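**Q** Sharing a structure, written as structure tokens. Questions coming.
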Amino acid sequence: MEGKAKFIFPVLAMGIVVFVVSCVVTFSNIGLRADFVTRWFSALLIGWPVASVTGLIAFPYVRRATTGIVALIERA
């Protein structure tokens with residue numbers, strides 16, 4: 001992945017992950033209360049930037065590790 005795509009991809013990917021995970025964790029912690037959506041949205045707003053930065057940092061290493069693992073598997 002090159003250019004702008006290498007920055008856009010992790011932000012979108014992490015947005016989807018954080019959307020689902022923050023919903024599940026918020027629900028498991030407080031249940032379906034009147035303020036559920038407000039608390040979920042708050043968790044989403046905190047989690048998405050953290051996850052996106054983590055993705056931007058981690059994805060290049062994960063790609064390299066994946067390539068190395070696949071190379072080891074294919075040699076065997």
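As shown in the structure tokens, the chain order sets the letters A, B, ...; within each chain, residues go from 1, and ligands are also counted from 1 in the order they appear.
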Can you tell me which residues surround segment 55-67 of chain A at a distance of at most 8 Å, considering only C-alpha atoms, apart from same-chain residues fewer than 3 positions away, and format the answer as a PyMOL selection string?
**A** chain A and resi 6-7+10-11+14+51-52+70-71
**Q** Could you save the residues just selected, with N, CA, C and O atoms, as a PDB file, in the first residue's frame?
**A**
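Writing the result to out-v5.pdb gives the following:
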```
ATOM      1  N   LYS A   6      -1.926   4.293   2.597  1.00  0.00           N
ATOM      2  CA  LYS A   6      -1.318   3.690   3.783  1.00  0.00           C
ATOM      3  C   LYS A   6      -1.694   4.431   5.060  1.00  0.00           C
ATOM      4  O   LYS A   6      -1.523   3.899   6.151  1.00  0.00           O
ATOM      5  N   PHE A   7      -2.227   5.639   4.953  1.00  0.00           N
ATOM      6  CA  PHE A   7      -2.715   6.374   6.118  1.00  0.00           C
ATOM      7  C   PHE A   7      -4.231   6.236   6.282  1.00  0.00           C
ATOM      8  O   PHE A   7      -4.741   6.189   7.387  1.00  0.00           O
ATOM      9  N   PRO A  10      -5.537   2.295   7.785  1.00  0.00           N
ATOM     10  CA  PRO A  10      -5.599   1.996   9.214  1.00  0.00           C
ATOM     11  C   PRO A  10      -6.670   2.806   9.942  1.00  0.00           C
ATOM     12  O   PRO A  10      -7.298   2.308  10.869  1.00  0.00           O
ATOM     13  N   VAL A  11      -6.897   4.031   9.515  1.00  0.00           N
ATOM     14  CA  VAL A  11      -7.917   4.857  10.165  1.00  0.00           C
ATOM     15  C   VAL A  11      -9.295   4.247   9.942  1.00  0.00           C
ATOM     16  O   VAL A  11     -10.094   4.125  10.887  1.00  0.00           O
ATOM     17  N   MET A  14      -9.472   0.648  11.742  1.00  0.00           N
ATOM     18  CA  MET A  14      -9.600   0.782  13.182  1.00  0.00           C
ATOM     19  C   MET A  14     -10.955   1.401  13.567  1.00  0.00           C
ATOM     20  O   MET A  14     -11.500   1.086  14.619  1.00  0.00           O
ATOM     21  N   ALA A  51      -6.634   3.783  18.482  1.00  0.00           N
ATOM     22  CA  ALA A  51      -6.494   2.622  17.603  1.00  0.00           C
ATOM     23  C   ALA A  51      -5.890   3.006  16.258  1.00  0.00           C
ATOM     24  O   ALA A  51      -5.082   2.261  15.696  1.00  0.00           O
ATOM     25  N   SER A  52      -6.264   4.146  15.729  1.00  0.00           N
ATOM     26  CA  SER A  52      -5.736   4.581  14.431  1.00  0.00           C
ATOM     27  C   SER A  52      -4.236   4.831  14.494  1.00  0.00           C
ATOM     28  O   SER A  52      -3.490   4.407  13.609  1.00  0.00           O
ATOM     29  N   VAL A  70       4.950 -16.280   6.235  1.00  0.00           N
ATOM     30  CA  VAL A  70       4.564 -16.972   4.988  1.00  0.00           C
ATOM     31  C   VAL A  70       5.793 -17.566   4.312  1.00  0.00           C
ATOM     32  O   VAL A  70       5.767 -18.699   3.825  1.00  0.00           O
ATOM     33  N   ALA A  71       6.907 -16.831   4.305  1.00  0.00           N
ATOM     34  CA  ALA A  71       8.138 -17.351   3.687  1.00  0.00           C
ATOM     35  C   ALA A  71       8.624 -18.606   4.425  1.00  0.00           C
ATOM     36  O   ALA A  71       9.045 -19.567   3.786  1.00  0.00           O
TER      37      ALA A  71
END
```
**Q** Could you name the residues that touch Val25 of chain A at 12 Å or less, counting only C-alpha atoms, but leaving out those on the same chain fewer than 3 positions away, as a ChimeraX atom specification?
**A** /A:17-22,28-32,36,39-41,43-44,47
**Q** One number please: atom CA of Val53 of chain A to atom CA of Gly15 of chain A, in Å, one decimal.
**A**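 Spanning atom CA of Val53 of chain A to atom CA of Gly15 of chain A is a straight-line distance of 11.2 Å.
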**Q** Taking into account only C-alpha atoms, which residue in the set A:Leu45, A:Phe9, A:Gly3, A:Glu74 is nearest to Cys23 of chain A?
**A**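 Among the listed residues, the smallest separation from Cys23 of chain A belongs to A:Leu45.
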